[in-house]
$ cat entry.cif   # mmCIF, N, CA and C atoms
data_final
#
loop_
_atom_site.label_atom_id
_atom_site.label_comp_id
_atom_site.auth_asym_id
_atom_site.auth_seq_id
_atom_site.Cartn_x
_atom_site.Cartn_y
_atom_site.Cartn_z
N MET A 1 -97.58 31.15 -22.70
CA MET A 1 -96.76 30.76 -23.83
C MET A 1 -95.62 31.75 -24.04
N LYS A 2 -95.92 33.04 -23.90
CA LYS A 2 -94.92 34.08 -24.08
C LYS A 2 -93.83 33.97 -23.00
N LYS A 3 -94.23 33.69 -21.76
CA LYS A 3 -93.27 33.55 -20.67
C LYS A 3 -92.38 32.33 -20.90
N LEU A 4 -92.96 31.27 -21.42
CA LEU A 4 -92.19 30.06 -21.71
C LEU A 4 -91.14 30.33 -22.79
N MET A 5 -91.50 31.09 -23.81
CA MET A 5 -90.57 31.45 -24.89
C MET A 5 -89.41 32.30 -24.33
N ILE A 6 -89.74 33.25 -23.49
CA ILE A 6 -88.72 34.12 -22.89
C ILE A 6 -87.78 33.29 -22.03
N LEU A 7 -88.35 32.39 -21.23
CA LEU A 7 -87.55 31.51 -20.38
C LEU A 7 -86.64 30.63 -21.23
N LEU A 8 -87.14 30.09 -22.31
CA LEU A 8 -86.37 29.25 -23.21
C LEU A 8 -85.22 30.05 -23.84
N ILE A 9 -85.49 31.27 -24.25
CA ILE A 9 -84.46 32.13 -24.83
C ILE A 9 -83.37 32.44 -23.80
N VAL A 10 -83.78 32.72 -22.57
CA VAL A 10 -82.81 33.00 -21.50
C VAL A 10 -81.93 31.78 -21.25
N ILE A 11 -82.54 30.61 -21.21
CA ILE A 11 -81.79 29.37 -20.97
C ILE A 11 -80.81 29.11 -22.11
N LEU A 12 -81.27 29.26 -23.34
CA LEU A 12 -80.39 29.02 -24.49
C LEU A 12 -79.25 30.03 -24.54
N THR A 13 -79.53 31.27 -24.22
CA THR A 13 -78.50 32.30 -24.21
C THR A 13 -77.46 31.99 -23.13
N THR A 14 -77.92 31.57 -21.96
CA THR A 14 -77.01 31.23 -20.87
C THR A 14 -76.13 30.05 -21.26
N LEU A 15 -76.72 29.04 -21.89
CA LEU A 15 -75.95 27.88 -22.34
C LEU A 15 -74.91 28.28 -23.37
N GLN A 16 -75.30 29.17 -24.27
CA GLN A 16 -74.38 29.62 -25.32
C GLN A 16 -73.20 30.39 -24.70
N LEU A 17 -73.49 31.26 -23.74
CA LEU A 17 -72.43 32.02 -23.08
C LEU A 17 -71.50 31.10 -22.30
N SER A 18 -72.06 30.08 -21.65
CA SER A 18 -71.25 29.12 -20.91
C SER A 18 -70.33 28.36 -21.86
N ALA A 19 -70.86 27.99 -23.00
CA ALA A 19 -70.06 27.28 -23.99
C ALA A 19 -68.93 28.16 -24.51
N CYS A 20 -69.20 29.43 -24.73
CA CYS A 20 -68.17 30.37 -25.19
C CYS A 20 -67.06 30.50 -24.15
N THR A 21 -67.44 30.60 -22.90
CA THR A 21 -66.46 30.71 -21.82
C THR A 21 -65.60 29.45 -21.75
N LEU A 22 -66.23 28.30 -21.89
CA LEU A 22 -65.51 27.03 -21.87
C LEU A 22 -64.52 26.96 -23.03
N ILE A 23 -64.96 27.35 -24.20
CA ILE A 23 -64.09 27.35 -25.38
C ILE A 23 -62.91 28.29 -25.18
N GLU A 24 -63.16 29.46 -24.61
CA GLU A 24 -62.08 30.41 -24.34
C GLU A 24 -61.06 29.82 -23.38
N LYS A 25 -61.54 29.13 -22.34
CA LYS A 25 -60.64 28.51 -21.37
C LYS A 25 -59.80 27.41 -22.03
N VAL A 26 -60.43 26.62 -22.87
CA VAL A 26 -59.71 25.55 -23.58
C VAL A 26 -58.66 26.16 -24.50
N ASN A 27 -59.05 27.19 -25.26
CA ASN A 27 -58.10 27.84 -26.16
C ASN A 27 -56.94 28.45 -25.40
N SER A 28 -57.22 29.08 -24.28
CA SER A 28 -56.17 29.67 -23.45
C SER A 28 -55.22 28.60 -22.93
N SER A 29 -55.76 27.48 -22.51
CA SER A 29 -54.93 26.37 -22.03
C SER A 29 -54.07 25.79 -23.15
N LEU A 30 -54.66 25.65 -24.33
CA LEU A 30 -53.91 25.14 -25.47
C LEU A 30 -52.81 26.10 -25.88
N ASP A 31 -53.11 27.40 -25.88
CA ASP A 31 -52.09 28.40 -26.21
C ASP A 31 -50.92 28.32 -25.23
N TYR A 32 -51.25 28.25 -23.95
CA TYR A 32 -50.20 28.17 -22.95
C TYR A 32 -49.38 26.89 -23.14
N ALA A 33 -50.05 25.77 -23.33
CA ALA A 33 -49.35 24.49 -23.51
C ALA A 33 -48.41 24.56 -24.71
N ASN A 34 -48.85 25.18 -25.79
CA ASN A 34 -48.00 25.32 -26.98
C ASN A 34 -46.80 26.22 -26.69
N GLN A 35 -47.02 27.32 -25.99
CA GLN A 35 -45.93 28.24 -25.67
C GLN A 35 -44.92 27.59 -24.72
N ALA A 36 -45.42 26.89 -23.73
CA ALA A 36 -44.54 26.22 -22.77
C ALA A 36 -43.75 25.10 -23.45
N THR A 37 -44.41 24.36 -24.33
CA THR A 37 -43.74 23.29 -25.08
C THR A 37 -42.64 23.87 -25.96
N ASP A 38 -42.93 24.97 -26.64
CA ASP A 38 -41.91 25.63 -27.48
C ASP A 38 -40.71 26.06 -26.63
N HIS A 39 -41.01 26.63 -25.48
CA HIS A 39 -39.96 27.09 -24.56
C HIS A 39 -39.06 25.91 -24.16
N ILE A 40 -39.66 24.83 -23.75
CA ILE A 40 -38.91 23.66 -23.31
C ILE A 40 -38.14 23.04 -24.47
N ASN A 41 -38.75 23.00 -25.65
CA ASN A 41 -38.06 22.45 -26.81
C ASN A 41 -36.82 23.27 -27.18
N LYS A 42 -36.90 24.60 -27.06
CA LYS A 42 -35.72 25.44 -27.33
C LYS A 42 -34.60 25.12 -26.35
N LEU A 43 -34.96 24.96 -25.08
CA LEU A 43 -33.95 24.62 -24.07
C LEU A 43 -33.35 23.25 -24.36
N SER A 44 -34.19 22.31 -24.73
CA SER A 44 -33.73 20.95 -25.01
C SER A 44 -32.78 20.92 -26.21
N THR A 45 -33.12 21.68 -27.25
CA THR A 45 -32.26 21.75 -28.43
C THR A 45 -30.90 22.32 -28.06
N PHE A 46 -30.91 23.38 -27.25
CA PHE A 46 -29.64 23.95 -26.79
C PHE A 46 -28.84 22.91 -26.03
N ALA A 47 -29.48 22.19 -25.13
CA ALA A 47 -28.78 21.20 -24.31
C ALA A 47 -28.17 20.09 -25.16
N GLN A 48 -28.82 19.75 -26.26
CA GLN A 48 -28.28 18.72 -27.15
C GLN A 48 -27.06 19.22 -27.93
N GLN A 49 -27.10 20.49 -28.32
CA GLN A 49 -26.02 21.06 -29.14
C GLN A 49 -24.84 21.57 -28.31
N ALA A 50 -25.10 21.97 -27.09
CA ALA A 50 -24.10 22.67 -26.28
C ALA A 50 -22.82 21.87 -26.02
N PRO A 51 -22.87 20.58 -25.69
CA PRO A 51 -21.61 19.88 -25.40
C PRO A 51 -20.60 19.96 -26.56
N GLN A 52 -21.07 19.71 -27.76
CA GLN A 52 -20.15 19.78 -28.91
C GLN A 52 -19.70 21.22 -29.15
N MET A 53 -20.64 22.16 -29.00
CA MET A 53 -20.28 23.57 -29.19
C MET A 53 -19.23 24.01 -28.17
N MET A 54 -19.34 23.53 -26.93
CA MET A 54 -18.35 23.89 -25.91
C MET A 54 -16.97 23.38 -26.29
N LYS A 55 -16.91 22.15 -26.82
CA LYS A 55 -15.62 21.60 -27.26
C LYS A 55 -15.05 22.45 -28.39
N ASP A 56 -15.90 22.75 -29.36
CA ASP A 56 -15.46 23.51 -30.53
C ASP A 56 -15.11 24.96 -30.17
N ALA A 57 -15.81 25.52 -29.20
CA ALA A 57 -15.61 26.92 -28.82
C ALA A 57 -14.22 27.16 -28.23
N ALA A 58 -13.63 26.13 -27.67
CA ALA A 58 -12.29 26.29 -27.10
C ALA A 58 -11.27 26.62 -28.18
N LEU A 59 -11.53 26.17 -29.41
CA LEU A 59 -10.60 26.39 -30.52
C LEU A 59 -11.09 27.38 -31.56
N ASN A 60 -12.39 27.67 -31.53
CA ASN A 60 -12.98 28.48 -32.58
C ASN A 60 -13.75 29.66 -31.99
N PRO A 61 -13.24 30.88 -32.15
CA PRO A 61 -13.91 32.05 -31.59
C PRO A 61 -15.33 32.27 -32.14
N GLU A 62 -15.56 31.86 -33.38
CA GLU A 62 -16.90 32.02 -33.97
C GLU A 62 -17.91 31.12 -33.27
N THR A 63 -17.50 29.91 -32.94
CA THR A 63 -18.38 28.99 -32.22
C THR A 63 -18.64 29.51 -30.82
N LYS A 64 -17.60 30.06 -30.20
CA LYS A 64 -17.77 30.63 -28.86
C LYS A 64 -18.77 31.78 -28.91
N GLN A 65 -18.69 32.62 -29.95
CA GLN A 65 -19.62 33.73 -30.10
C GLN A 65 -21.04 33.22 -30.33
N ALA A 66 -21.18 32.17 -31.14
CA ALA A 66 -22.50 31.58 -31.39
C ALA A 66 -23.09 31.02 -30.09
N LEU A 67 -22.26 30.39 -29.29
CA LEU A 67 -22.70 29.85 -28.01
C LEU A 67 -23.13 30.97 -27.07
N GLU A 68 -22.35 32.03 -27.04
CA GLU A 68 -22.68 33.21 -26.23
C GLU A 68 -24.02 33.80 -26.68
N ASN A 69 -24.20 33.93 -27.99
CA ASN A 69 -25.45 34.48 -28.53
C ASN A 69 -26.65 33.60 -28.16
N GLN A 70 -26.46 32.29 -28.21
CA GLN A 70 -27.55 31.39 -27.83
C GLN A 70 -27.91 31.56 -26.36
N LEU A 71 -26.91 31.67 -25.50
CA LEU A 71 -27.18 31.85 -24.08
C LEU A 71 -27.91 33.17 -23.81
N ILE A 72 -27.50 34.22 -24.50
CA ILE A 72 -28.17 35.51 -24.35
C ILE A 72 -29.62 35.41 -24.83
N GLY A 73 -29.84 34.70 -25.95
CA GLY A 73 -31.19 34.49 -26.45
C GLY A 73 -32.05 33.68 -25.50
N ILE A 74 -31.46 32.64 -24.93
CA ILE A 74 -32.19 31.81 -23.96
C ILE A 74 -32.56 32.65 -22.74
N LYS A 75 -31.64 33.46 -22.31
CA LYS A 75 -31.89 34.33 -21.15
C LYS A 75 -33.10 35.23 -21.43
N LYS A 76 -33.15 35.84 -22.60
CA LYS A 76 -34.28 36.71 -22.96
C LYS A 76 -35.58 35.91 -23.05
N ASP A 77 -35.50 34.72 -23.65
CA ASP A 77 -36.69 33.86 -23.76
C ASP A 77 -37.24 33.49 -22.38
N ILE A 78 -36.35 33.17 -21.47
CA ILE A 78 -36.77 32.79 -20.11
C ILE A 78 -37.46 33.97 -19.43
N GLU A 79 -36.85 35.14 -19.54
CA GLU A 79 -37.42 36.33 -18.90
C GLU A 79 -38.82 36.62 -19.45
N GLN A 80 -39.01 36.46 -20.76
CA GLN A 80 -40.33 36.69 -21.36
C GLN A 80 -41.31 35.60 -20.96
N PHE A 81 -40.87 34.36 -20.95
CA PHE A 81 -41.75 33.25 -20.58
C PHE A 81 -42.24 33.39 -19.15
N ASN A 82 -41.35 33.80 -18.25
CA ASN A 82 -41.73 33.92 -16.84
C ASN A 82 -42.81 34.96 -16.61
N LEU A 83 -42.96 35.91 -17.52
CA LEU A 83 -43.96 36.97 -17.37
C LEU A 83 -45.29 36.67 -18.06
N LYS A 84 -45.40 35.51 -18.69
CA LYS A 84 -46.62 35.17 -19.44
C LYS A 84 -47.86 35.16 -18.57
N SER A 85 -48.95 35.55 -19.18
CA SER A 85 -50.26 35.41 -18.56
C SER A 85 -50.64 33.93 -18.65
N VAL A 86 -51.11 33.39 -17.55
CA VAL A 86 -51.31 31.94 -17.47
C VAL A 86 -52.75 31.62 -17.12
N PRO A 87 -53.37 30.65 -17.83
CA PRO A 87 -54.71 30.23 -17.45
C PRO A 87 -54.69 29.54 -16.08
N THR A 88 -55.78 29.60 -15.40
CA THR A 88 -55.88 29.05 -14.05
C THR A 88 -55.41 27.60 -13.98
N ILE A 89 -55.78 26.82 -14.95
CA ILE A 89 -55.44 25.39 -14.94
C ILE A 89 -53.93 25.15 -14.97
N ALA A 90 -53.17 26.13 -15.45
CA ALA A 90 -51.72 25.96 -15.60
C ALA A 90 -50.90 26.72 -14.57
N LYS A 91 -51.55 27.38 -13.62
CA LYS A 91 -50.82 28.23 -12.67
C LYS A 91 -49.76 27.47 -11.87
N ASP A 92 -50.10 26.29 -11.38
CA ASP A 92 -49.15 25.52 -10.57
C ASP A 92 -47.92 25.09 -11.38
N ILE A 93 -48.17 24.53 -12.54
CA ILE A 93 -47.04 24.06 -13.34
C ILE A 93 -46.22 25.24 -13.84
N HIS A 94 -46.88 26.35 -14.16
CA HIS A 94 -46.13 27.53 -14.60
C HIS A 94 -45.22 28.03 -13.48
N GLN A 95 -45.72 28.06 -12.27
CA GLN A 95 -44.89 28.52 -11.15
C GLN A 95 -43.69 27.61 -10.96
N GLN A 96 -43.88 26.31 -11.13
CA GLN A 96 -42.76 25.38 -11.02
C GLN A 96 -41.74 25.63 -12.13
N LEU A 97 -42.24 25.90 -13.33
CA LEU A 97 -41.34 26.23 -14.44
C LEU A 97 -40.60 27.54 -14.18
N VAL A 98 -41.31 28.53 -13.68
CA VAL A 98 -40.68 29.82 -13.36
C VAL A 98 -39.57 29.61 -12.33
N ASP A 99 -39.84 28.81 -11.32
CA ASP A 99 -38.83 28.54 -10.30
C ASP A 99 -37.57 27.91 -10.91
N LYS A 100 -37.76 26.92 -11.77
CA LYS A 100 -36.62 26.27 -12.44
C LYS A 100 -35.94 27.25 -13.39
N ASN A 101 -36.74 28.06 -14.09
CA ASN A 101 -36.18 29.05 -15.00
C ASN A 101 -35.30 30.06 -14.26
N LYS A 102 -35.70 30.42 -13.03
CA LYS A 102 -34.90 31.35 -12.24
C LYS A 102 -33.55 30.75 -11.89
N VAL A 103 -33.53 29.47 -11.58
CA VAL A 103 -32.27 28.78 -11.32
C VAL A 103 -31.40 28.82 -12.58
N LEU A 104 -32.02 28.53 -13.72
CA LEU A 104 -31.29 28.55 -14.99
C LEU A 104 -30.78 29.95 -15.31
N LEU A 105 -31.58 30.96 -15.05
CA LEU A 105 -31.14 32.35 -15.27
C LEU A 105 -29.92 32.68 -14.42
N ASP A 106 -29.94 32.27 -13.17
CA ASP A 106 -28.79 32.51 -12.29
C ASP A 106 -27.54 31.83 -12.85
N GLU A 107 -27.72 30.61 -13.32
CA GLU A 107 -26.58 29.87 -13.87
C GLU A 107 -26.05 30.55 -15.14
N ILE A 108 -26.96 31.01 -15.99
CA ILE A 108 -26.54 31.70 -17.21
C ILE A 108 -25.81 33.00 -16.85
N ASN A 109 -26.36 33.73 -15.89
CA ASN A 109 -25.71 34.98 -15.46
C ASN A 109 -24.31 34.72 -14.90
N ASN A 110 -24.11 33.57 -14.28
CA ASN A 110 -22.79 33.23 -13.74
C ASN A 110 -21.76 32.94 -14.83
N VAL A 111 -22.21 32.48 -16.00
CA VAL A 111 -21.25 32.17 -17.08
C VAL A 111 -21.09 33.32 -18.06
N LEU A 112 -21.97 34.31 -17.97
CA LEU A 112 -21.85 35.52 -18.79
C LEU A 112 -21.32 36.64 -17.90
N VAL A 113 -20.06 36.95 -18.05
CA VAL A 113 -19.44 37.99 -17.25
C VAL A 113 -19.34 39.25 -18.11
N ASN A 114 -19.98 40.32 -17.64
CA ASN A 114 -20.05 41.56 -18.42
C ASN A 114 -20.63 41.32 -19.81
N GLY A 115 -21.57 40.38 -19.88
CA GLY A 115 -22.25 40.09 -21.14
C GLY A 115 -21.49 39.16 -22.07
N HIS A 116 -20.35 38.64 -21.62
CA HIS A 116 -19.55 37.75 -22.47
C HIS A 116 -19.37 36.39 -21.81
N LEU A 117 -19.40 35.38 -22.65
CA LEU A 117 -19.29 34.00 -22.18
C LEU A 117 -17.89 33.71 -21.65
N VAL A 118 -17.85 33.13 -20.45
CA VAL A 118 -16.60 32.60 -19.90
C VAL A 118 -16.73 31.09 -20.03
N LEU A 119 -15.99 30.56 -21.02
CA LEU A 119 -16.18 29.16 -21.42
C LEU A 119 -15.93 28.16 -20.29
N ASP A 120 -14.88 28.36 -19.51
CA ASP A 120 -14.62 27.39 -18.44
C ASP A 120 -15.71 27.41 -17.37
N LYS A 121 -16.33 28.56 -17.16
CA LYS A 121 -17.45 28.61 -16.22
C LYS A 121 -18.65 27.83 -16.77
N LEU A 122 -18.87 27.94 -18.08
CA LEU A 122 -19.96 27.19 -18.71
C LEU A 122 -19.70 25.69 -18.59
N GLN A 123 -18.48 25.29 -18.87
CA GLN A 123 -18.14 23.87 -18.81
C GLN A 123 -18.30 23.30 -17.41
N ASN A 124 -18.13 24.12 -16.41
CA ASN A 124 -18.25 23.67 -15.02
C ASN A 124 -19.61 23.98 -14.39
N SER A 125 -20.53 24.49 -15.19
CA SER A 125 -21.84 24.88 -14.67
C SER A 125 -22.82 23.71 -14.66
N GLN A 126 -23.96 23.96 -14.05
CA GLN A 126 -25.05 22.97 -13.99
C GLN A 126 -26.14 23.29 -15.00
N ILE A 127 -25.84 24.12 -15.98
CA ILE A 127 -26.87 24.56 -16.95
C ILE A 127 -27.55 23.38 -17.63
N LEU A 128 -26.78 22.45 -18.12
CA LEU A 128 -27.37 21.31 -18.85
C LEU A 128 -28.21 20.43 -17.92
N THR A 129 -27.78 20.28 -16.69
CA THR A 129 -28.56 19.51 -15.72
C THR A 129 -29.88 20.22 -15.40
N THR A 130 -29.82 21.52 -15.23
CA THR A 130 -31.04 22.29 -14.96
C THR A 130 -32.01 22.21 -16.13
N ILE A 131 -31.48 22.30 -17.34
CA ILE A 131 -32.35 22.16 -18.52
C ILE A 131 -32.99 20.78 -18.54
N SER A 132 -32.22 19.78 -18.20
CA SER A 132 -32.77 18.41 -18.13
C SER A 132 -33.91 18.35 -17.11
N ASP A 133 -33.72 19.02 -15.98
CA ASP A 133 -34.78 19.08 -14.96
C ASP A 133 -36.03 19.76 -15.50
N ILE A 134 -35.85 20.76 -16.33
CA ILE A 134 -36.99 21.50 -16.89
C ILE A 134 -37.73 20.65 -17.92
N THR A 135 -37.00 19.86 -18.70
CA THR A 135 -37.66 19.09 -19.77
C THR A 135 -38.62 18.03 -19.24
N ILE A 136 -38.49 17.65 -17.97
CA ILE A 136 -39.42 16.64 -17.45
C ILE A 136 -40.85 17.18 -17.33
N PHE A 137 -41.00 18.50 -17.41
CA PHE A 137 -42.33 19.10 -17.33
C PHE A 137 -43.15 18.92 -18.62
N ILE A 138 -42.51 18.49 -19.69
CA ILE A 138 -43.18 18.46 -20.99
C ILE A 138 -44.45 17.59 -20.97
N ASN A 139 -44.38 16.44 -20.34
CA ASN A 139 -45.57 15.56 -20.30
C ASN A 139 -46.71 16.20 -19.52
N ARG A 140 -46.39 16.84 -18.41
CA ARG A 140 -47.43 17.49 -17.62
C ARG A 140 -48.07 18.63 -18.39
N ILE A 141 -47.28 19.35 -19.14
CA ILE A 141 -47.81 20.46 -19.92
C ILE A 141 -48.71 19.94 -21.03
N GLN A 142 -48.27 18.90 -21.70
CA GLN A 142 -49.05 18.35 -22.81
C GLN A 142 -50.36 17.73 -22.33
N ASN A 143 -50.43 17.40 -21.05
CA ASN A 143 -51.64 16.79 -20.50
C ASN A 143 -52.55 17.79 -19.79
N LEU A 144 -52.24 19.09 -19.90
CA LEU A 144 -53.10 20.10 -19.27
C LEU A 144 -54.53 19.95 -19.74
N GLY A 145 -55.41 19.90 -18.81
CA GLY A 145 -56.83 19.84 -19.15
C GLY A 145 -57.32 18.45 -19.48
N SER A 146 -56.44 17.46 -19.47
CA SER A 146 -56.86 16.10 -19.79
C SER A 146 -57.56 15.46 -18.62
#

$ encode --input "entry.cif" --output "structure tokens"
Amino acid sequence: MKKLMILLIVILTTLQLSACTLIEKVNSSLDYANQATDHINKLSTFAQQAPQMMKDAALNPETKQALENQLIGIKKDIEQFNLKSVPTIAKDIHQQLVDKNKVLLDEINNVLVNGHLVLDKLQNSQILTTISDITIFINRIQNLGS
């Protein structure tokens, strides 16, 4: 009877630890999905606002400065996102996002000369197209673990 009780306790403890590990993995996946979704939403918002801002920036130095500040902020966000710790379930999609983010970083660096926005370079860049390419990942991210 005593051996049976010990065996039962060991089994229950093992099940409890397994459940904790599973919950941690789910939470980690949800955290990553939320962070990746926020990242993509920031890029998408920029892409929606940028065309009008580019038009306005040609005539308004304050708008040009705001656009420059947004690009610098996006650049920092991308660099931080690319370094995130990623749960195993998200490694493939994260690597694909990192690859696209690197393309976007290169494009941003090409329009920021000595840290300042060169408006005609931005207007002729592929930044908005690259952001559009990145936004297609949103459904895959939201379905992580499904």

$ atom_distance --input "entry.cif" --atom1 "atom CA of Ile127 of chain A" --atom2 "atom CA of Val98 of chain A"
15.2 Å

$ residues_around --input "entry.cif" --residues "Leu104 of chain A" --least-positions-apart "6" --cutoff "9 Å" --atoms "only C-alpha atoms" --output "JSON, numbers by chain"
{"A": [75, 78, 126, 127, 130, 131]}

$ atom_distance --input "entry.cif" --atom1 "atom CA of Thr129 of chain A" --atom2 "atom C of Asp38 of chain A"
17.6 Å

$ closest_residue --input "entry.cif" --among "A:Leu30, A:Met54, A:Ile108, A:Ala47" --to "Leu128 of chain A" --atoms "only N, CA and C atoms"
A:Ala47

$ closest_residue --input "entry.cif" --among "A:Ile89, A:Ile74, A:Asp106, A:Gln80" --to "Thr45 of chain A" --atoms "only C-alpha atoms"
A:Ile74

$ atom_distance --input "entry.cif" --atom1 "atom CA of Glu68 of chain A" --atom2 "atom C of Leu83 of chain A"
24.3 Å

$ select_by_dssp --input "entry.cif" --residues "segment 63-135 of chain A" --states "alpha helix (DSSP H)" --output "ChimeraX atom specification"
/A:63-82,91-111,119-123,127-135

$ resolve_selection --input "entry.cif" --expression "the PyMOL selection byres ((chain A and resi 133-136) around 8)" --output "mmCIF file with N, CA and C atoms, in the coordinates of the input"
data_model
loop_
_atom_site.group_PDB
_atom_site.id
_atom_site.type_symbol
_atom_site.label_atom_id
_atom_site.label_comp_id
_atom_site.auth_asym_id
_atom_site.auth_seq_id
_atom_site.Cartn_x
_atom_site.Cartn_y
_atom_site.Cartn_z
ATOM 1 N N ILE A 40 -39.660 24.830 -23.750
ATOM 2 C CA ILE A 40 -38.910 23.660 -23.310
ATOM 3 C C ILE A 40 -38.140 23.040 -24.470
ATOM 4 N N ASN A 41 -38.750 23.000 -25.650
ATOM 5 C CA ASN A 41 -38.060 22.450 -26.810
ATOM 6 C C ASN A 41 -36.820 23.270 -27.180
ATOM 7 N N LEU A 43 -34.960 24.960 -25.080
ATOM 8 C CA LEU A 43 -33.950 24.620 -24.070
ATOM 9 C C LEU A 43 -33.350 23.250 -24.360
ATOM 10 N N SER A 44 -34.190 22.310 -24.730
ATOM 11 C CA SER A 44 -33.730 20.950 -25.010
ATOM 12 C C SER A 44 -32.780 20.920 -26.210
ATOM 13 N N GLN A 96 -43.880 26.310 -11.130
ATOM 14 C CA GLN A 96 -42.760 25.380 -11.020
ATOM 15 C C GLN A 96 -41.740 25.630 -12.130
ATOM 16 N N LEU A 97 -42.240 25.900 -13.330
ATOM 17 C CA LEU A 97 -41.340 26.230 -14.440
ATOM 18 C C LEU A 97 -40.600 27.540 -14.180
ATOM 19 N N LYS A 100 -37.760 26.920 -11.770
ATOM 20 C CA LYS A 100 -36.620 26.270 -12.440
ATOM 21 C C LYS A 100 -35.940 27.250 -13.390
ATOM 22 N N ASN A 101 -36.740 28.060 -14.090
ATOM 23 C CA ASN A 101 -36.180 29.050 -15.000
ATOM 24 C C ASN A 101 -35.300 30.060 -14.260
ATOM 25 N N ILE A 127 -25.840 24.120 -15.980
ATOM 26 C CA ILE A 127 -26.870 24.560 -16.950
ATOM 27 C C ILE A 127 -27.550 23.380 -17.630
ATOM 28 N N LEU A 128 -26.780 22.450 -18.120
ATOM 29 C CA LEU A 128 -27.370 21.310 -18.850
ATOM 30 C C LEU A 128 -28.210 20.430 -17.920
ATOM 31 N N THR A 129 -27.780 20.280 -16.690
ATOM 32 C CA THR A 129 -28.560 19.510 -15.720
ATOM 33 C C THR A 129 -29.880 20.220 -15.400
ATOM 34 N N THR A 130 -29.820 21.520 -15.230
ATOM 35 C CA THR A 130 -31.040 22.290 -14.960
ATOM 36 C C THR A 130 -32.010 22.210 -16.130
ATOM 37 N N ILE A 131 -31.480 22.300 -17.340
ATOM 38 C CA ILE A 131 -32.350 22.160 -18.520
ATOM 39 C C ILE A 131 -32.990 20.780 -18.540
ATOM 40 N N SER A 132 -32.220 19.780 -18.200
ATOM 41 C CA SER A 132 -32.770 18.410 -18.130
ATOM 42 C C SER A 132 -33.910 18.350 -17.110
ATOM 43 N N PHE A 137 -41.000 18.500 -17.410
ATOM 44 C CA PHE A 137 -42.330 19.100 -17.330
ATOM 45 C C PHE A 137 -43.150 18.920 -18.620
ATOM 46 N N ILE A 138 -42.510 18.490 -19.690
ATOM 47 C CA ILE A 138 -43.180 18.460 -20.990
ATOM 48 C C ILE A 138 -44.450 17.590 -20.970
ATOM 49 N N ASN A 139 -44.380 16.440 -20.340
ATOM 50 C CA ASN A 139 -45.570 15.560 -20.300
ATOM 51 C C ASN A 139 -46.710 16.200 -19.520
ATOM 52 N N ARG A 140 -46.390 16.840 -18.410
ATOM 53 C CA ARG A 140 -47.430 17.490 -17.620
ATOM 54 C C ARG A 140 -48.070 18.630 -18.390
ATOM 55 N N ILE A 141 -47.280 19.350 -19.140
ATOM 56 C CA ILE A 141 -47.810 20.460 -19.920
ATOM 57 C C ILE A 141 -48.710 19.940 -21.030
#

$ closest_residue --input "entry.cif" --among "A:Asp92, A:Asp31, A:Gly115, A:Thr37" --to "Ile72 of chain A" --atoms "only N, CA and C atoms"
A:Gly115

$ residues_around --input "entry.cif" --residues "Asn110 of chain A" --least-positions-apart "6" --cutoff "8 Å" --atoms "only N, CA and C atoms" --output "list in words"
Leu104, Leu117, Val118, Lys121 and Leu122 of chain A

$ closest_residue --input "entry.cif" --among "A:Leu119, A:Leu105, A:Val86, A:Ile93" --to "Ala58 of chain A" --atoms "only N, CA and C atoms"
A:Leu119

$ select_by_dssp --input "entry.cif" --residues "segment 58-136 of chain A" --states "strand (DSSP E or B)" --output "short mmCIF file (atom, residue, chain, number, x, y, z; two decimals) with N, CA and C atoms, in the coordinates of the input"
data_model
loop_
_atom_site.label_atom_id
_atom_site.label_comp_id
_atom_site.auth_asym_id
_atom_site.auth_seq_id
_atom_site.Cartn_x
_atom_site.Cartn_y
_atom_site.Cartn_z
N LEU A 112 -21.97 34.31 -17.97
CA LEU A 112 -21.85 35.52 -18.79
C LEU A 112 -21.32 36.64 -17.90
N VAL A 113 -20.06 36.95 -18.05
CA VAL A 113 -19.44 37.99 -17.25
C VAL A 113 -19.34 39.25 -18.11
N HIS A 116 -20.35 38.64 -21.62
CA HIS A 116 -19.55 37.75 -22.47
C HIS A 116 -19.37 36.39 -21.81
N LEU A 117 -19.40 35.38 -22.65
CA LEU A 117 -19.29 34.00 -22.18
C LEU A 117 -17.89 33.71 -21.65
#

$ build_atoms --input "entry.cif" --residues "segment 107-112 of chain A" --atoms "N, CA, C and O atoms" --output "CSV table (one decimal), keeping the file's coordinate frame"
chain,number,residue,atom,x,y,z
A,107,GLU,N,-27.7,30.6,-13.3
A,107,GLU,CA,-26.6,29.9,-13.9
A,107,GLU,C,-26.0,30.6,-15.1
A,107,GLU,O,-24.8,30.6,-15.3
A,108,ILE,N,-27.0,31.0,-16.0
A,108,ILE,CA,-26.5,31.7,-17.2
A,108,ILE,C,-25.8,33.0,-16.8
A,108,ILE,O,-24.8,33.3,-17.4
A,109,ASN,N,-26.4,33.7,-15.9
A,109,ASN,CA,-25.7,35.0,-15.5
A,109,ASN,C,-24.3,34.7,-14.9
A,109,ASN,O,-23.4,35.6,-15.0
A,110,ASN,N,-24.1,33.6,-14.3
A,110,ASN,CA,-22.8,33.2,-13.7
A,110,ASN,C,-21.8,32.9,-14.8
A,110,ASN,O,-20.6,33.1,-14.6
A,111,VAL,N,-22.2,32.5,-16.0
A,111,VAL,CA,-21.2,32.2,-17.1
A,111,VAL,C,-21.1,33.3,-18.1
A,111,VAL,O,-20.2,33.3,-18.9
A,112,LEU,N,-22.0,34.3,-18.0
A,112,LEU,CA,-21.8,35.5,-18.8
A,112,LEU,C,-21.3,36.6,-17.9
A,112,LEU,O,-22.0,37.2,-17.1
